[in-house]
$ cat query.csv   # CSV, C-alpha atoms
chain,number,residue,atom,x,y,z
G,1,MET,CA,-18.7,18.4,-7.8
G,2,THR,CA,-21.2,19.3,-5.1
G,3,GLU,CA,-20.5,18.2,-1.5
G,4,GLU,CA,-21.8,19.1,1.9
G,5,PHE,CA,-19.1,20.2,4.3
G,6,THR,CA,-19.0,20.4,8.1
G,7,MET,CA,-16.9,22.5,10.5
G,8,ALA,CA,-13.1,22.2,10.5
G,9,ALA,CA,-11.2,20.0,12.9
G,10,GLY,CA,-11.0,21.5,16.3
G,11,ALA,CA,-14.4,23.2,16.1
G,12,ALA,CA,-17.3,22.3,18.4
G,13,PRO,CA,-18.6,18.7,18.0
G,14,GLU,CA,-21.3,18.0,15.5
G,15,ARG,CA,-24.7,16.6,16.5
G,16,GLY,CA,-25.5,13.2,15.2
G,17,PRO,CA,-23.4,10.9,12.9
G,18,VAL,CA,-21.0,12.5,10.4
G,19,ASP,CA,-20.1,10.6,7.2
G,20,GLU,CA,-18.1,12.7,4.7
G,21,ALA,CA,-16.1,11.7,1.7
G,22,VAL,CA,-14.7,14.0,-0.9
G,23,ARG,CA,-12.3,13.0,-3.7
G,24,VAL,CA,-10.8,15.5,-6.1
G,25,ARG,CA,-7.8,15.8,-8.4
G,26,PRO,CA,-5.0,18.1,-7.3
G,27,ALA,CA,-4.0,21.3,-9.1
G,28,THR,CA,-3.1,20.7,-12.7
G,29,ALA,CA,0.6,21.3,-12.1
G,30,LEU,CA,0.6,18.6,-9.4
G,31,ARG,CA,-1.1,15.9,-11.5
G,32,PRO,CA,2.2,14.5,-12.7
G,33,TYR,CA,3.0,13.7,-9.1
G,34,VAL,CA,-0.3,13.1,-7.3
G,35,ALA,CA,-3.3,11.2,-8.8
G,36,TRP,CA,-6.0,12.3,-6.3
G,37,TYR,CA,-6.8,13.6,-2.8
G,38,ALA,CA,-9.4,11.8,-0.7
G,39,GLY,CA,-10.8,13.7,2.3
G,40,TYR,CA,-12.8,11.7,4.9
G,41,ARG,CA,-14.5,12.5,8.2
G,42,GLN,CA,-16.6,10.1,10.2
G,43,ARG,CA,-18.2,10.4,13.6
G,44,GLY,CA,-20.7,8.2,15.5
G,45,LEU,CA,-20.4,5.2,13.2
G,46,PRO,CA,-19.9,1.5,14.1
G,47,PRO,CA,-16.2,0.5,14.6
G,48,ALA,CA,-14.7,-1.0,11.4
G,49,LEU,CA,-11.7,-2.8,10.1
G,50,HIS,CA,-10.4,-1.9,6.6
G,51,ARG,CA,-8.0,-3.7,4.3
G,52,GLY,CA,-5.5,-1.3,2.7
G,53,LEU,CA,-5.0,-3.1,-0.6
G,54,PRO,CA,-2.0,-3.2,-2.9
G,55,SER,CA,-2.2,-0.4,-5.5
G,56,PRO,CA,0.0,1.3,-8.0
G,57,TYR,CA,0.3,4.4,-5.8
G,58,LEU,CA,2.2,5.4,-2.7
G,59,THR,CA,0.0,6.3,0.2
G,60,PHE,CA,0.4,9.6,2.0
G,61,ILE,CA,-2.1,10.3,4.9
G,62,LEU,CA,-2.5,13.4,7.0
G,63,THR,CA,-4.9,12.9,9.8
G,64,LEU,CA,-7.1,15.8,11.0
G,65,ASP,CA,-8.1,14.8,14.5
G,66,GLU,CA,-7.5,11.3,15.9
G,67,PRO,CA,-4.5,9.3,14.7
G,68,LEU,CA,-4.6,6.5,12.2
G,69,THR,CA,-4.6,3.1,13.8
G,70,MET,CA,-2.6,0.5,11.9
G,71,ALA,CA,-3.7,-2.9,13.2
G,72,GLY,CA,-1.4,-4.7,10.8
G,73,HIS,CA,1.2,-3.7,8.2
G,74,PRO,CA,2.0,-5.3,4.8
G,75,ASP,CA,5.3,-6.3,6.4
G,76,PRO,CA,4.2,-8.4,9.4
G,77,ALA,CA,7.5,-7.6,11.1
G,78,GLN,CA,6.2,-4.1,11.6
G,79,PRO,CA,4.3,-3.8,14.9
G,80,PRO,CA,0.8,-2.2,15.0
G,81,GLY,CA,0.8,1.5,15.8
G,82,ARG,CA,-0.9,4.9,15.7
G,83,TYR,CA,0.1,7.6,13.2
G,84,ALA,CA,-0.6,11.3,12.9
G,85,THR,CA,0.8,11.1,9.4
G,86,LEU,CA,1.8,8.1,7.3
G,87,LEU,CA,3.8,7.4,4.2
G,88,GLY,CA,3.5,3.9,2.7
G,89,GLY,CA,5.4,2.3,-0.1
G,90,LEU,CA,4.1,-0.1,-2.8
G,91,HIS,CA,3.3,-3.5,-1.3
G,92,THR,CA,1.9,-6.9,-2.2
G,93,ALA,CA,0.0,-7.8,1.0
G,94,PRO,CA,-2.9,-5.9,2.7
G,95,ALA,CA,-2.6,-3.5,5.5
G,96,LEU,CA,-5.2,-3.5,8.3
G,97,ILE,CA,-6.6,-0.2,9.5
G,98,SER,CA,-9.2,0.1,12.3
G,99,HIS,CA,-11.3,2.8,13.8
G,100,ASP,CA,-13.6,3.0,16.8
G,101,GLY,CA,-16.4,4.9,15.0
G,102,ARG,CA,-14.3,8.1,14.4
G,103,GLN,CA,-11.7,8.9,11.8
G,104,SER,CA,-10.7,12.0,9.7
G,105,GLY,CA,-7.9,12.9,7.4
G,106,ILE,CA,-6.8,13.3,3.8
G,107,GLN,CA,-5.2,10.5,1.8
G,108,LEU,CA,-3.0,11.3,-1.2
G,109,ALA,CA,-2.3,8.8,-4.0
G,110,VAL,CA,1.3,9.5,-5.1
G,111,HIS,CA,2.8,8.2,-8.4
G,112,PRO,CA,5.7,6.1,-7.3
G,113,LEU,CA,8.1,7.6,-9.8
G,114,ALA,CA,7.4,11.0,-8.3
G,115,ALA,CA,8.8,9.9,-4.9
G,116,ARG,CA,12.2,11.5,-5.7
G,117,ALA,CA,10.6,14.8,-6.7
G,118,LEU,CA,8.3,15.0,-3.6
G,119,PHE,CA,10.1,13.1,-0.9
G,120,GLY,CA,13.7,13.2,-2.0
G,121,LEU,CA,14.2,9.4,-2.2
G,122,PRO,CA,13.2,6.6,-4.6
G,123,ALA,CA,10.0,4.7,-3.8
G,124,GLY,CA,12.1,1.6,-3.5
G,125,GLU,CA,13.3,2.8,0.0
G,126,LEU,CA,9.7,2.6,1.2
G,127,SER,CA,8.9,-0.8,-0.3
G,128,GLY,CA,6.4,-2.7,1.8
G,129,LEU,CA,6.8,-0.2,4.7
G,130,ASP,CA,4.6,2.3,6.5
G,131,VAL,CA,6.5,5.1,8.2
G,132,PRO,CA,5.6,8.4,9.9
G,133,ALA,CA,5.8,11.0,7.1
G,134,GLU,CA,7.9,13.3,9.2
G,135,ALA,CA,10.6,10.6,9.2
G,136,VAL,CA,11.0,11.4,5.5
G,137,LEU,CA,9.9,15.0,5.2
G,138,GLY,CA,10.8,16.4,8.6
G,139,ALA,CA,9.2,19.6,9.9
G,140,THR,CA,7.5,20.2,6.5
G,141,VAL,CA,4.9,17.6,7.5
G,142,ALA,CA,3.9,19.3,10.7
G,143,HIS,CA,3.4,22.6,8.9
G,144,LEU,CA,1.4,20.9,6.2
G,145,ARG,CA,-0.8,19.1,8.7
G,146,GLU,CA,-1.3,22.3,10.6
G,147,ALA,CA,-2.4,24.1,7.5
G,148,VAL,CA,-5.1,21.5,6.6
G,149,GLN,CA,-6.3,21.4,10.2
G,150,GLU,CA,-6.8,25.2,10.3
G,151,ALA,CA,-8.7,25.2,7.0
G,152,SER,CA,-12.5,25.8,7.4
G,153,ASP,CA,-13.7,23.2,4.8
G,154,TRP,CA,-12.6,20.6,2.3
G,155,PRO,CA,-11.9,23.1,-0.6
G,156,GLU,CA,-9.6,25.1,1.7
G,157,ARG,CA,-7.8,21.9,2.9
G,158,PHE,CA,-7.2,20.8,-0.7
G,159,ALA,CA,-6.0,24.3,-1.7
G,160,ALA,CA,-3.6,24.2,1.3
G,161,LEU,CA,-2.3,20.9,0.0
G,162,ASP,CA,-1.9,22.2,-3.5
G,163,GLY,CA,0.2,25.2,-2.4
G,164,ALA,CA,2.4,23.2,0.0
G,165,LEU,CA,3.1,20.4,-2.5
G,166,LEU,CA,3.8,22.8,-5.3
G,167,ARG,CA,6.5,24.4,-3.2
G,168,LEU,CA,7.8,21.0,-2.2
G,169,ALA,CA,8.1,19.4,-5.6
G,170,ARG,CA,11.6,19.4,-7.0
G,171,PRO,CA,12.2,17.3,-10.1
G,172,SER,CA,15.4,15.3,-9.6
G,173,GLY,CA,16.1,14.1,-13.1
G,174,ARG,CA,17.4,10.9,-11.6
G,175,VAL,CA,14.7,8.4,-12.6
G,176,PRO,CA,16.1,6.5,-15.6
G,177,PRO,CA,13.8,7.1,-18.7
G,178,GLU,CA,13.9,3.4,-19.3
G,179,VAL,CA,12.1,2.8,-15.9
G,180,VAL,CA,9.6,5.5,-16.8
G,181,GLN,CA,9.0,3.8,-20.1
G,182,ALA,CA,8.6,0.4,-18.5
G,183,TRP,CA,6.2,1.6,-15.7
G,184,SER,CA,4.1,3.6,-18.2
G,185,ALA,CA,3.8,0.6,-20.5
G,186,LEU,CA,2.7,-1.6,-17.7
G,187,ARG,CA,0.1,0.9,-16.6
G,188,ARG,CA,-1.2,1.3,-20.1
G,189,SER,CA,-1.5,-2.5,-20.6
G,190,GLY,CA,-3.2,-3.1,-17.2
G,191,GLY,CA,-0.3,-5.2,-16.1
G,192,ALA,CA,-0.4,-7.5,-19.2
G,193,LEU,CA,3.1,-7.0,-20.7
G,194,PRO,CA,5.6,-9.8,-20.0
G,195,VAL,CA,8.9,-8.7,-18.5
G,196,ALA,CA,10.8,-9.9,-21.6
G,197,VAL,CA,8.8,-7.5,-23.7
G,198,LEU,CA,9.5,-4.6,-21.3
G,199,ALA,CA,13.2,-5.4,-21.3
G,200,ARG,CA,13.3,-5.6,-25.1
G,201,GLU,CA,11.5,-2.3,-25.5
G,202,THR,CA,13.8,-0.5,-23.1
G,203,GLY,CA,16.9,-2.0,-24.6
G,204,TRP,CA,18.1,-3.3,-21.2
G,205,SER,CA,18.7,-6.9,-20.0
G,206,GLY,CA,16.0,-8.4,-17.9
G,207,ARG,CA,18.3,-8.4,-14.9
G,208,HIS,CA,19.3,-4.8,-15.3
G,209,LEU,CA,15.6,-3.7,-15.7
G,210,LEU,CA,14.6,-5.7,-12.6
G,211,ASP,CA,17.3,-4.0,-10.5
G,212,ARG,CA,16.6,-0.4,-11.6
G,213,PHE,CA,12.9,-0.8,-11.7
G,214,ARG,CA,12.8,-2.2,-8.2
G,215,ARG,CA,15.0,0.6,-6.9
G,216,GLU,CA,12.7,3.2,-8.3
G,217,THR,CA,9.3,1.7,-7.6
G,218,GLY,CA,9.8,-0.8,-4.7
G,219,LEU,CA,8.5,-3.8,-6.8
G,220,SER,CA,10.0,-6.0,-9.5
G,221,PRO,CA,8.3,-5.6,-12.9
G,222,LYS,CA,6.5,-8.9,-12.4
G,223,ALA,CA,5.2,-7.9,-9.0
G,224,ALA,CA,4.2,-4.5,-10.3
G,225,ALA,CA,2.2,-6.2,-13.1
G,226,ARG,CA,0.4,-8.3,-10.5
G,227,VAL,CA,-0.5,-5.2,-8.5
G,228,ILE,CA,-1.7,-3.2,-11.5
G,229,ARG,CA,-3.8,-6.1,-12.7
G,230,PHE,CA,-5.3,-6.7,-9.3
G,231,ASP,CA,-6.0,-3.0,-8.7
G,232,ARG,CA,-8.0,-2.9,-11.9
G,233,ALA,CA,-9.9,-6.1,-11.1
G,234,ARG,CA,-10.9,-5.0,-7.6
G,235,ARG,CA,-12.1,-1.5,-8.9
G,236,LEU,CA,-14.3,-3.2,-11.5
G,237,LEU,CA,-15.6,-5.6,-8.9
G,238,ALA,CA,-16.6,-2.7,-6.5
G,239,ALA,CA,-17.9,-0.4,-9.2
G,240,PRO,CA,-21.4,1.1,-8.4
G,241,ALA,CA,-22.8,-0.4,-11.6
G,242,ALA,CA,-23.5,-4.1,-11.7
G,243,ALA,CA,-20.3,-6.0,-11.1
G,244,PRO,CA,-19.2,-8.4,-13.8
G,245,ARG,CA,-19.2,-12.1,-13.1
G,246,LEU,CA,-15.9,-13.4,-11.8
G,247,ALA,CA,-15.2,-15.4,-15.0
G,248,GLU,CA,-15.9,-12.3,-17.1
G,249,LEU,CA,-13.8,-10.2,-14.8
G,250,ALA,CA,-10.9,-12.6,-15.0
G,251,ALA,CA,-10.9,-12.5,-18.8
G,252,ARG,CA,-11.3,-8.8,-18.9
G,253,CYS,CA,-8.3,-8.2,-16.5
G,254,GLY,CA,-5.9,-10.7,-18.1
G,255,TYR,CA,-6.1,-13.6,-15.7
G,256,ALA,CA,-5.9,-17.2,-17.0
G,257,ASP,CA,-9.3,-18.1,-15.6
G,258,GLN,CA,-11.5,-17.5,-12.6
G,259,ALA,CA,-9.4,-19.7,-10.3
G,260,HIS,CA,-6.4,-17.6,-11.2
G,261,LEU,CA,-8.2,-14.4,-10.2
G,262,ALA,CA,-9.4,-16.0,-6.9
G,263,ARG,CA,-5.8,-17.1,-6.0
G,264,GLU,CA,-4.4,-13.7,-6.8
G,265,PHE,CA,-7.1,-12.0,-4.8
G,266,ARG,CA,-6.4,-14.2,-1.7
G,267,ALA,CA,-2.7,-13.6,-2.1
G,268,LEU,CA,-3.0,-9.8,-2.4
G,269,ALA,CA,-6.1,-9.0,-0.4
G,270,GLY,CA,-5.9,-11.8,2.1
G,271,CYS,CA,-9.5,-13.0,1.4
G,272,ALA,CA,-11.7,-14.2,-1.5
G,273,PRO,CA,-13.3,-11.6,-3.8
G,274,SER,CA,-16.8,-12.3,-2.5
G,275,ALA,CA,-15.6,-11.8,1.1
G,276,TRP,CA,-13.9,-8.5,0.3
G,277,LEU,CA,-16.9,-7.2,-1.6
G,278,ALA,CA,-19.2,-8.1,1.3
G,279,GLU,CA,-16.9,-6.3,3.8
G,280,GLU,CA,-16.0,-3.2,1.8
G,281,GLY,CA,-18.0,-3.1,-1.5
G,282,PRO,CA,-20.2,-0.2,-2.5
G,283,ASP,CA,-23.0,-1.2,-0.1
G,284,ALA,CA,-20.7,-1.5,2.9
G,285,ALA,CA,-18.9,1.8,2.6
G,286,LYS,CA,-17.4,1.4,6.1
G,287,PHE,CA,-14.2,3.3,5.3
G,288,ARG,CA,-13.9,6.6,3.5
G,289,ASN,CA,-10.1,6.5,2.9
G,290,VAL,CA,-10.3,3.4,0.7
G,291,GLN,CA,-8.0,3.7,-2.3
G,292,ALA,CA,-10.8,4.9,-4.7
G,293,GLY,CA,-8.7,6.7,-7.2
G,294,ALA,CA,-9.4,7.0,-10.9
G,295,ASP,CA,-8.8,4.0,-13.1
G,296,GLY,CA,-5.9,3.9,-15.5
G,297,PRO,CA,-2.5,5.6,-15.5
G,298,GLY,CA,-2.1,9.2,-14.7
G,299,PRO,CA,-0.1,11.7,-16.8
G,300,GLU,CA,3.6,11.5,-17.1
G,301,TRP,CA,5.5,12.9,-14.1
G,302,GLU,CA,8.6,15.0,-14.0
G,303,ALA,CA,10.9,12.4,-12.5
$ encode --input "query.csv" --output "structure tokens"
Amino acid sequence: MTEEFTMAAGAAPERGPVDEAVRVRPATALRPYVAWYAGYRQRGLPPALHRGLPSPYLTFILTLDEPLTMAGHPDPAQPPGRYATLLGGLHTAPALISHDGRQSGIQLAVHPLAARALFGLPAGELSGLDVPAEAVLGATVAHLREAVQEASDWPERFAALDGALLRLARPSGRVPPEVVQAWSALRRSGGALPVAVLARETGWSGRHLLDRFRRETGLSPKAAARVIRFDRARRLLAAPAAAPRLAELAARCGYADQAHLAREFRALAGCAPSAWLAEEGPDAAKFRNVQAGADGPGPEWEA
């Protein structure tokens, strides 16, 4: 992957607009925990508002220069705020992120069942929330952010992340294998498996599966299926190649019909598919930390 890199954060200002985006997979040993890193750096661009959409990953952001401005959280009870670092749980409503023409940082897509190994708590404790990452990881976050800020280019920043996260990862052995099985089955199916089928395959009752699944992921199995299905649909819709017609997209992603797809999009994204595509599709590219991870489930994690 060939990219053009500029000077590290804290160096002399660049001349003219800067618009960088770099997405890579982490070190092989980290892939059971983290799906991808997305580095972004913009200067001199028009102000923009981005919808942080529901996805099957936890969001972990380390800013490089200016803080991240959260204009609205998935939980409307959370007030807007500015974050040097952010850790966000799975959610079923959009977040709103704004910038004034400048933003820079690295976003990590973390597998939810790896939350215990990386953060020392189940993803359920972060459900629908955005918190400063130091509230969970303490001083470790400050050291990690300092390491990526001092790096001279994107490869060095990603290497610093690899090293720090490899030292941080501590498999807990506390995620029930039945939950791992159910989550993996939902990911493989694109969110198409009914809860009754998941329960039968795990050998648990539907109620027990719901309780344990929600504790480990932050969503019920039904809500997780909605998010997984939606995440696939919006990626296909925004693909650089010609987007499928909405009726075709609905059928391909397991929706009953086009109207069902449109309702789910409004519920999870807060707007119609056409409006989101016009705002943030491949031709808009207003935000570089959009959740643009690879399609499909990642490898199994050490829970």
$ closest_atom_pairs --input "query.csv" --of "region 42-156 of chain G" --to "region 221-241 of chain G" --cutoff "9 Å" --atoms "all atoms listed in the file" --output "CSV"
residue,atom,partner,partner_atom,distance
G:Leu53,CA,G:Asp231,CA,8.2
G:Pro54,CA,G:Val227,CA,6.1
G:Ser55,CA,G:Asp231,CA,5.6
G:Pro56,CA,G:Ile228,CA,5.9
G:Leu90,CA,G:Ala224,CA,8.7
G:His91,CA,G:Val227,CA,8.3
G:Thr92,CA,G:Val227,CA,7.0
$ closest_residue --input "query.csv" --among "G:Arg214, G:Arg102, G:Arg31, G:Arg25" --to "Leu45 (chain G)" --atoms "only C-alpha atoms"
G:Arg102
$ closest_residue --input "query.csv" --among "G:Phe158, G:Ser152, G:Val24, G:Ala77" --to "Leu62 (chain G)" --atoms "only C-alpha atoms"
G:Phe158
$ atom_distance --input "query.csv" --atom1 "CA of Gly39 (chain G)" --atom2 "CA of Arg23 (chain G)"
6.2 Å
$ closest_residue --input "query.csv" --among "G:Tyr40, G:Phe213, G:Phe119, G:Tyr83" --to "Asp19 (chain G)" --atoms "all atoms listed in the file"
G:Tyr40
$ residues_around --input "query.csv" --residues "Ala169 (chain G)" --least-positions-apart "4" --cutoff "6 Å" --atoms "all atoms listed in the file" --output "number ranges by chain"
G: 117-118, 165
$ write_last_selection --input "query.csv" --atoms "C-alpha atoms" --output "compact mmCIF listing (two decimals), keeping the file's coordinate frame"
# COMPACT_ATOMS: atom_id res chain seq x y z
CA ALA G 117 10.60 14.80 -6.70
CA LEU G 118 8.30 15.00 -3.60
CA LEU G 165 3.10 20.40 -2.50
$ closest_residue --input "query.csv" --among "G:Pro122, G:Pro155, G:Gly173, G:Gly206" --to "Pro194 (chain G)" --atoms "all atoms listed in the file"
G:Gly206
$ atom_distance --input "query.csv" --atom1 "CA of Ala196 (chain G)" --atom2 "CA of Leu209 (chain G)"
9.8 Å
$ atom_distance --input "query.csv" --atom1 "CA of Ala262 (chain G)" --atom2 "CA of Gly218 (chain G)"
24.6 Å
$ residues_around --input "query.csv" --residues "Val131 (chain G)" --least-positions-apart "3" --cutoff "8 Å" --atoms "only C-alpha atoms" --output "count of residues only"
4
